[in-house]
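These notes are about the structure you will find just below.
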Amino acid sequence: MTDPRLINQSPAWQALLKHRQALADTTLAQLFEQHAQRGQQFKACAAGLYLDYSKNLLTGETLDLLGELANHAQLADAIEELFSGAAVNNTEHRPALHTALRNPAPGDGEQSPAVTQMRSRMNTFADKLRQGRECGASGKVIRDVINLGIGGSDLGPRMIVAAFPELQAEGLRSHFAANVDSDVLKGILSQCHPETTLFLISSKSFSTLETLSNAGLARQWLCDAGFDAAQIACHFTAMTSQIEKARSWGIKAERIFPIDEGVGGRFSLWSSIGLPIAIALGSEAFSQLLDGAGAMDQHFRSADFSDNLPVLHGLLSIWSINFNDHHSRAVLPYIHRLGELPNYLQQLTMESLGKRVTKTGQPCTYATGPVIWGSEGTNGQHSCHQLLLQGIGAVPVDFIATTKSHCQTLQHQYLLANCFAQSRALMLGKSYTQALEETRASGLNEDAAAQLAMHKAIPGNRVSNTLLLDEFTPRTLGALLAFYEHSVYVQSVIWQINAFDQWAVELGKTMSTSLFEALQQAPHDVALDSSSQALIDHVQKGPHPSCKD
Ligand code: F6P
C-alpha cells in the first residue's frame with residue numbers, strides 16, 4: 001500500500017494533477033494571446049538576476065497550487081533548518097553548512113570567527129602568489145598552480161576561474177587536473193617547470209583515487225627533477241577536512257587549509273576548496289563571489305515564495321518533471337565564459353537529486369532528479385538544438401545571458417538575439433500550414449510540397465526559463481550559483497529526499513577495487529560476472545586476431 005505520507009498522496013499534489021489535465025488543450029501561444037502582459041507577470045528579480053518564467057505552461061492557479069505543495073512539504077521550515085545548521089543531511093547526521101561560508105548580506109548576522117580566520121589565511125596565501133612573493137624550494141617564484149581534485153573539488157573552481165580570464169595575475173597560470181587518466185596531468189606538466197610549480201591537493205576526504213593518483217604523479221615529477229622530500233613539500237598545499245591524512249602524505253601543517261565536515265563536496269567552492277579561485281582571480285573577486293551568494297541567501301530566506309527566485313525555479317522543475325513528464329533539463333548559457341557551467345550543474349543537481357527513497361527510507365513513487373546537460377550558446381544551435389526543437393519529447397531549457405554586454409557590443413546583441421529567438425522558436429514552433437505555404441511558394445509540386453512541409457513543421461509549445469544577469473561579475477555569478485543550489489534544495493524538500501548524501505558513488509568505488517585487483521592479477525575475493533571477466537581477459541591477452549581488420 002502506498003505510504004500516505006508521500007508527497008504525491010497530498011491533496012496539493014492531487015490538485016496539481018487535476019489542474020494539469022485542465023490545461024491539457026492549452027498551449028503556451030494561447031496563454032500569451034490571452035494575456036498581453038504575461039511576460040511582465042511571470043518574472044522575478046533579485047541579487048542582480050532577472051528570471052523570466054513566462055514561457056512555462058502555467059497560469060496563476062498553477063503557481064497557487066505549487067505554493068500549496070510547498071506549504072504541505074513545510075518548505076519554509078526546511079529553509080530555516082538549512083540556514084540554522086540543523087542536521088538536514090540525516091543519513092550522515094550533519095548539517096549542510098555552505099551558506100555559513102558566504103559573506104552575510106547587510107543585516108544578516110556575522111560570519112563565524114573560524115570562517116573569517118580561514119578566509120584570511122587563504123587570502124594572504126593567494127595574494128602572495130599573485131604578487132610573485134611565493135617561491136618554490138630553489139627560491140624561484142611560483143608561476144604555475146595546478147589544482148588536483150575531482151567532482152566538487154574541481155568543477156566549481158574550474159568553471160569560475162575560466163569565467164574571468166582578465167583577472168588572472170600576470171605571470172601566474174592556473175591549471176586543473178581531475179581525471180585519473182594521466183594524460184591530463186602529463187599535458188599540463190609539459191608546459192610547467194618543477195621549480196616554479198605549486199600543486200594544490202583538493203580533496204575533502206583526502207582519499208579520492210583520482211586525486212591521490214595525480215598527486216602521486218606530481219610528486220614523482222618533482223622527485224625526477226632531483227627534489228628531496230623537504231623540497232617536494234614546498235611545492236604542495238592541501239585543502240581537506242582530513243588534516244592527519246594530509247600531514248602523513250607530506251603536506252606541511254601551515255600549508256593545510258581545512259574544510260568543515262559539514263560542507264558537502266558539491267557545495268564546497270565557498271570553502272577553502274575555493275583557494276584556486278582566490279589565487280587565480282584575487283581575494284577581492286572571491287569576496288565579491290561570496291557577496292553575491294550571500295545576497296541570494298538573504299533573498300531565498302526572506303522573500304515570499306511568489307517572488308522567490310530559487311523557490312520558483314525549484315517548483316517549476318517539479319511542475320515539469322512530475323506533472324508534465326519532462327525528465328531532463330538543458331542549461332544553455334549564452335556566455336562563452338560560462339561554458340563549464342553545465343558540467344558544474346550536472347554534479348550539483350544529479351548527485352543531489354538522483355535519489356529514489358525519501359529521507360525516512362520510503363521508496364519514492366514519483367520521479368525525482370532530472371538529467372542535466374547543456375552547452376554554451378550559440379554553439380549548441382549548431383549541434384543539439386535540432387533535438388530541442390523537433391525531437392520527440394520536450395526538454396525544458398534554462399537560457400542564461402547578460403543584460404549589460406560582457407563582450408563586444410555588437411556580438412552581445414547577436415548573442416541576445418539568438419538566445420531570445422531560441423526560446424521563442426521553442427514556444428511558437430512552425431505550424432504545418434505555415435510550412436506548407438513556404439514549400440508551395442518554393443515552386444514544388446503539391447505532393448512534394450506536402451511531404452517537405454512535414455519535415456519543416458516544428459511543434460512548438462516547448463517550455464523554457466530565461467535568466468539574465470545584470471552584468472557579468474563575480475558577484476552576479478555568486479548569486480547565480482547560490483540560486484541553483486537553493487533550487488536544488490527546494491526540489492529535495494518537495495520530494496522528501498536528502499540532497500546532501502551520495503551513497504551510490506561509493507558502490508562504483510568499491511567495485512573498482514576488485515576489478516583493479518583482477519586486472520593486476522592479484523587475488524580478489526569477488527566472483528566476477530562473465531562480461532567483466534571476458535573484458536579483463538581480452539585486455540590481458542591483448543586484441544584478439546579476429547578483432548583486427
Ligand atoms: O563524486 C563523489 C564525491 O564524493 C563528490 O561528492 C565530491 O565532490 C568528489 O567525490 C570529490 O571528493 P573529495 O573532495 O573528497 O576528493
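Naming scheme: A, B, ... for chains in displayed order of the C-alpha cells; residues 1 onward per chain; ligands 1 onward as shown.
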- Item | Cut-off 7 Å, only C-alpha atoms and all ligand atoms, neighbours of ligand 1 as number ranges by chain | A: 149-153, 202-208, 211, 264-266, 502, 505
- Check the DSSP output for the backbone and give back, as a VMD selection string, the residues of stretch 453-518 of chain A in strand (DSSP E). chain A and resid 464 to 469
C-alpha atoms of the current selection, written as a PDB file, in the first residue's frame:
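Output file again_37.pdb follows:
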ATOM      1  CA  SER A 464      11.940  27.499 -21.055  1.00  0.00           C
ATOM      2  CA  ASN A 465      13.154  29.923 -18.405  1.00  0.00           C
ATOM      3  CA  THR A 466      15.401  32.852 -19.253  1.00  0.00           C
ATOM      4  CA  LEU A 467      17.815  34.139 -16.640  1.00  0.00           C
ATOM      5  CA  LEU A 468      19.533  37.472 -17.220  1.00  0.00           C
ATOM      6  CA  LEU A 469      22.497  38.542 -15.113  1.00  0.00           C
TER       7      LEU A 469
END
Mind dumping a table of every stretch 156-267 of chain A residue within 12 Å of stretch 83-91 of chain A, with the nearest atom pair and its distance in Å to one decimal, using only C-alpha atoms, sorted by chain and rising number, as CSV?
residue,atom,partner,partner_atom,distance
A:Glu261,CA,A:Asn89,CA,11.5
A:Gly262,CA,A:Asn89,CA,8.9
A:Val263,CA,A:Asn89,CA,10.4
A:Gly264,CA,A:Asn89,CA,9.5
- Message: Would you pick out the contacts of A:Leu31 at 12 Å or less, using only C-alpha atoms, so that residues sharing its chain but fewer than 6 positions from it are not included, and give the list as a PyMOL selection string?
- Response: chain A and resi 23+25+37-39+41-42+54-60+427-428+461
- Message: If we count only C-alpha atoms and set the cut-off at 10 Å, which residues sit around A:Ala450, ignoring sequence neighbours fewer than 2 positions away in its own chain? Please answer as a list in words.
- Response: Tyr432, Thr433, Ala435, Leu436, Glu437, Thr439, Arg440, Leu444, Asn445, Glu446, Asp447, Ala448, Leu452, Ala453, Met454, His455 and Lys456 of chain A
Output file for the selection above: all heavy atoms, as a tab-separated table (two decimals), in the first residue's frame:
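Below is the file that was written, part-v7.tsv:
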chain	number	residue	atom	x	y	z
A	432	TYR	N	2.24	23.26	-39.52
A	432	TYR	CA	2.28	22.57	-40.81
A	432	TYR	C	1.78	23.52	-41.91
A	432	TYR	O	2.34	23.57	-43.01
A	432	TYR	CB	1.44	21.29	-40.75
A	432	TYR	CG	1.37	20.59	-42.08
A	432	TYR	CD1	2.45	19.85	-42.56
A	432	TYR	CD2	0.23	20.69	-42.89
A	432	TYR	CE1	2.41	19.23	-43.78
A	432	TYR	CE2	0.18	20.07	-44.13
A	432	TYR	CZ	1.27	19.33	-44.57
A	432	TYR	OH	1.23	18.73	-45.80
A	433	THR	N	0.75	24.29	-41.59
A	433	THR	CA	0.19	25.20	-42.59
A	433	THR	C	1.23	26.23	-43.04
A	433	THR	O	1.39	26.49	-44.23
A	433	THR	CB	-1.05	25.94	-42.00
A	433	THR	OG1	-1.82	24.97	-41.31
A	433	THR	CG2	-1.86	26.66	-43.03
A	435	ALA	N	4.42	25.90	-42.84
A	435	ALA	CA	5.48	25.19	-43.58
A	435	ALA	C	5.01	24.90	-45.01
A	435	ALA	O	5.78	25.05	-45.98
A	435	ALA	CB	5.85	23.90	-42.86
A	436	LEU	N	3.74	24.53	-45.15
A	436	LEU	CA	3.22	24.19	-46.49
A	436	LEU	C	3.20	25.43	-47.39
A	436	LEU	O	3.53	25.35	-48.58
A	436	LEU	CB	1.80	23.60	-46.35
A	436	LEU	CG	1.17	23.03	-47.60
A	436	LEU	CD1	2.03	21.89	-48.16
A	436	LEU	CD2	-0.24	22.50	-47.32
A	437	GLU	N	2.83	26.56	-46.80
A	437	GLU	CA	2.86	27.80	-47.59
A	437	GLU	C	4.25	28.03	-48.16
A	437	GLU	O	4.43	28.38	-49.32
A	437	GLU	CB	2.50	28.99	-46.70
A	437	GLU	CG	1.03	29.36	-46.76
A	437	GLU	CD	0.71	30.40	-45.69
A	437	GLU	OE1	1.55	31.29	-45.43
A	437	GLU	OE2	-0.39	30.30	-45.10
A	439	THR	N	6.70	25.79	-48.65
A	439	THR	CA	7.15	24.80	-49.64
A	439	THR	C	6.42	24.98	-50.96
A	439	THR	O	7.00	24.81	-52.03
A	439	THR	CB	6.99	23.36	-49.11
A	439	THR	OG1	5.65	23.17	-48.67
A	439	THR	CG2	7.93	23.07	-47.97
A	440	ARG	N	5.13	25.37	-50.87
A	440	ARG	CA	4.40	25.64	-52.12
A	440	ARG	C	5.03	26.84	-52.84
A	440	ARG	O	5.23	26.82	-54.06
A	440	ARG	CB	2.94	25.99	-51.82
A	440	ARG	CG	2.07	24.75	-51.64
A	440	ARG	CD	0.65	25.20	-51.34
A	440	ARG	NE	-0.24	24.07	-51.17
A	440	ARG	CZ	-1.32	24.12	-50.40
A	440	ARG	NH1	-1.64	25.22	-49.73
A	440	ARG	NH2	-2.09	23.07	-50.32
A	444	LEU	N	7.48	23.81	-55.55
A	444	LEU	CA	7.37	22.34	-55.59
A	444	LEU	C	5.97	21.93	-56.02
A	444	LEU	O	5.00	22.68	-55.81
A	444	LEU	CB	7.65	21.76	-54.20
A	444	LEU	CG	9.08	21.85	-53.68
A	444	LEU	CD1	9.14	21.39	-52.23
A	444	LEU	CD2	10.01	21.00	-54.55
A	445	ASN	N	5.85	20.72	-56.59
A	445	ASN	CA	4.50	20.24	-56.89
A	445	ASN	C	3.80	19.90	-55.57
A	445	ASN	O	4.45	19.80	-54.52
A	445	ASN	CB	4.52	19.07	-57.87
A	445	ASN	CG	5.11	17.81	-57.25
A	445	ASN	OD1	4.86	17.52	-56.08
A	445	ASN	ND2	5.91	17.08	-58.02
A	446	GLU	N	2.50	19.69	-55.63
A	446	GLU	CA	1.70	19.59	-54.40
A	446	GLU	C	2.18	18.45	-53.50
A	446	GLU	O	2.31	18.63	-52.28
A	446	GLU	CB	0.22	19.42	-54.77
A	446	GLU	CG	-0.75	19.66	-53.63
A	446	GLU	CD	-0.57	21.01	-52.89
A	446	GLU	OE1	-0.12	22.01	-53.52
A	446	GLU	OE2	-0.85	21.06	-51.68
A	447	ASP	N	2.46	17.28	-54.08
A	447	ASP	CA	2.89	16.14	-53.27
A	447	ASP	C	4.22	16.41	-52.59
A	447	ASP	O	4.40	16.17	-51.39
A	447	ASP	CB	3.06	14.88	-54.14
A	447	ASP	CG	1.71	14.24	-54.41
A	447	ASP	OD1	0.71	14.75	-53.85
A	447	ASP	OD2	1.68	13.27	-55.18
A	448	ALA	N	5.15	16.91	-53.37
A	448	ALA	CA	6.48	17.19	-52.83
A	448	ALA	C	6.39	18.28	-51.76
A	448	ALA	O	7.05	18.22	-50.72
A	448	ALA	CB	7.43	17.59	-53.94
A	452	LEU	N	7.55	17.74	-47.89
A	452	LEU	CA	8.62	18.54	-47.28
A	452	LEU	C	8.09	19.36	-46.09
A	452	LEU	O	8.80	19.56	-45.09
A	452	LEU	CB	9.25	19.46	-48.34
A	452	LEU	CG	10.49	20.23	-47.89
A	452	LEU	CD1	11.59	19.28	-47.38
A	452	LEU	CD2	11.05	21.11	-49.00
A	453	ALA	N	6.83	19.78	-46.21
A	453	ALA	CA	6.25	20.56	-45.11
A	453	ALA	C	6.20	19.75	-43.82
A	453	ALA	O	6.35	20.29	-42.72
A	453	ALA	CB	4.85	21.04	-45.49
A	454	MET	N	6.03	18.43	-43.94
A	454	MET	CA	6.02	17.57	-42.74
A	454	MET	C	7.37	17.68	-42.01
A	454	MET	O	7.44	17.66	-40.79
A	454	MET	CB	5.81	16.10	-43.12
A	454	MET	CG	4.40	15.77	-43.52
A	454	MET	SD	3.23	16.06	-42.19
A	454	MET	CE	3.63	14.73	-41.06
A	455	HIS	N	8.45	17.77	-42.79
A	455	HIS	CA	9.79	17.86	-42.20
A	455	HIS	C	10.06	19.24	-41.62
A	455	HIS	O	10.83	19.39	-40.67
A	455	HIS	CB	10.86	17.53	-43.24
A	455	HIS	CG	10.78	16.10	-43.70
A	455	HIS	ND1	11.39	15.08	-43.03
A	455	HIS	CD2	10.13	15.54	-44.75
A	455	HIS	CE1	11.12	13.94	-43.64
A	455	HIS	NE2	10.36	14.19	-44.70
A	456	LYS	N	9.43	20.25	-42.24
A	456	LYS	CA	9.74	21.62	-41.83
A	456	LYS	C	8.87	22.10	-40.65
A	456	LYS	O	9.20	23.09	-40.01
A	456	LYS	CB	9.55	22.57	-43.01
A	456	LYS	CG	10.65	22.39	-44.07
A	456	LYS	CD	10.58	23.52	-45.08
A	456	LYS	CE	11.96	23.90	-45.55
A	456	LYS	NZ	12.00	25.21	-46.15
- Task: Compare A:Ile79, A:Leu281, A:Val357, A:Ala218 by their minimum atom-to-atom distance to A:Leu129, counting only C-alpha atoms, and give me the closest one.
- Result: A:Leu281
- Message: Run DSSP on the backbone and tell me which residues of stretch 395-430 of chain A come out as helix (DSSP H, G or I); list them as a list in words.
- Response: Thr409, Leu410, Gln411, His412, Gln413, Tyr414, Leu415, Leu416, Ala417, Asn418, Cys419, Phe420, Ala421, Gln422, Ser423, Arg424, Ala425, Leu426, Met427 and Leu428 of chain A
- Item | For atom CA of A:Leu6 and atom CA of A:Arg462, the interatomic separation in Å (one decimal) |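 Between atom CA of A:Leu6 and atom CA of A:Arg462 the gap works out to 29.5 Å.
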- For A:His235, which residue among A:His406, A:Arg143, A:His313, A:Arg301 is the nearest when counting only C-alpha atoms?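 Among the listed residues, the smallest separation from A:His235 belongs to A:Arg143.
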- If we count only C-alpha atoms, what is near A:Leu185 at a cut-off of 12 Å, once residues fewer than 6 positions away on the same chain are taken out, given as a PyMOL selection string? chain A and resi 146-149+175-179+191-192+199+210-211+213-219+221
- Query: Which residues, written as a PyMOL selection string, have at least one atom at most 8 Å from A:Leu101, with only C-alpha atoms counted and residues fewer than 6 positions away on the same chain left out?
  - Reply: chain A and resi 111+115+270-271+290
May I have the residues from that selection written out with N, CA, C and O atoms, as a short mmCIF file (atom, residue, chain, number, x, y, z; two decimals), in the first residue's frame?
data_model
loop_
_atom_site.label_atom_id
_atom_site.label_comp_id
_atom_site.auth_asym_id
_atom_site.auth_seq_id
_atom_site.Cartn_x
_atom_site.Cartn_y
_atom_site.Cartn_z
N GLN A 111 29.69 36.53 10.26
CA GLN A 111 30.32 35.27 9.88
C GLN A 111 31.06 34.71 11.11
O GLN A 111 31.52 35.48 11.94
N VAL A 115 35.48 30.87 10.23
CA VAL A 115 35.42 31.08 8.78
C VAL A 115 36.25 32.31 8.40
O VAL A 115 37.02 32.30 7.45
N TRP A 270 32.81 27.52 -1.86
CA TRP A 270 32.83 28.70 -0.97
C TRP A 270 33.82 28.52 0.17
O TRP A 270 34.09 29.46 0.90
N SER A 271 34.31 27.31 0.34
CA SER A 271 35.22 26.99 1.45
C SER A 271 36.67 27.12 0.97
O SER A 271 36.93 27.74 -0.07
N LEU A 290 31.38 35.72 -2.93
CA LEU A 290 30.72 35.38 -1.67
C LEU A 290 29.63 36.39 -1.32
O LEU A 290 28.62 36.05 -0.71
#
Produce a table with one row for each residue of stretch 372-444 of chain A that has an atom at most 12 Å from any atom of stretch 476-496 of chain A, each row naming the nearest atom pair and its distance in Å at one decimal; use only C-alpha atoms; arrange rows by chain and rising residue number; format as JSON lines.
{"residue": "A:Ile372", "atom": "CA", "partner": "A:Val488", "partner_atom": "CA", "distance": 12.0}
{"residue": "A:Asp398", "atom": "CA", "partner": "A:Tyr484", "partner_atom": "CA", "distance": 11.1}
{"residue": "A:Ile400", "atom": "CA", "partner": "A:Leu480", "partner_atom": "CA", "distance": 9.8}
{"residue": "A:Ala401", "atom": "CA", "partner": "A:Leu480", "partner_atom": "CA", "distance": 11.3}
{"residue": "A:Thr402", "atom": "CA", "partner": "A:Thr476", "partner_atom": "CA", "distance": 9.9}
{"residue": "A:Thr403", "atom": "CA", "partner": "A:Thr476", "partner_atom": "CA", "distance": 11.4}
{"residue": "A:Lys404", "atom": "CA", "partner": "A:Thr476", "partner_atom": "CA", "distance": 11.8}
- Query: So which one's closest to A:Glu376, A:Leu28, A:Ile335, A:Leu353, A:Ile142? Using only C-alpha atoms, please.
  - Reply: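 Result for the nearest residue to A:Glu376: A:Ile335.
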- Between atom CA of A:Leu97 and atom CA of A:Asp260, distance in Å (one decimal):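 These atoms are spaced 8.1 Å apart.
Taking atom CA of A:Ser546 as the reference point, atom CA of A:Ser532 is found at 19.9 Å.
Nearest to A:Leu426 of all the residues A:Leu63, A:Ala238, A:Val184, A:Leu389 is A:Leu389, counting only C-alpha atoms.
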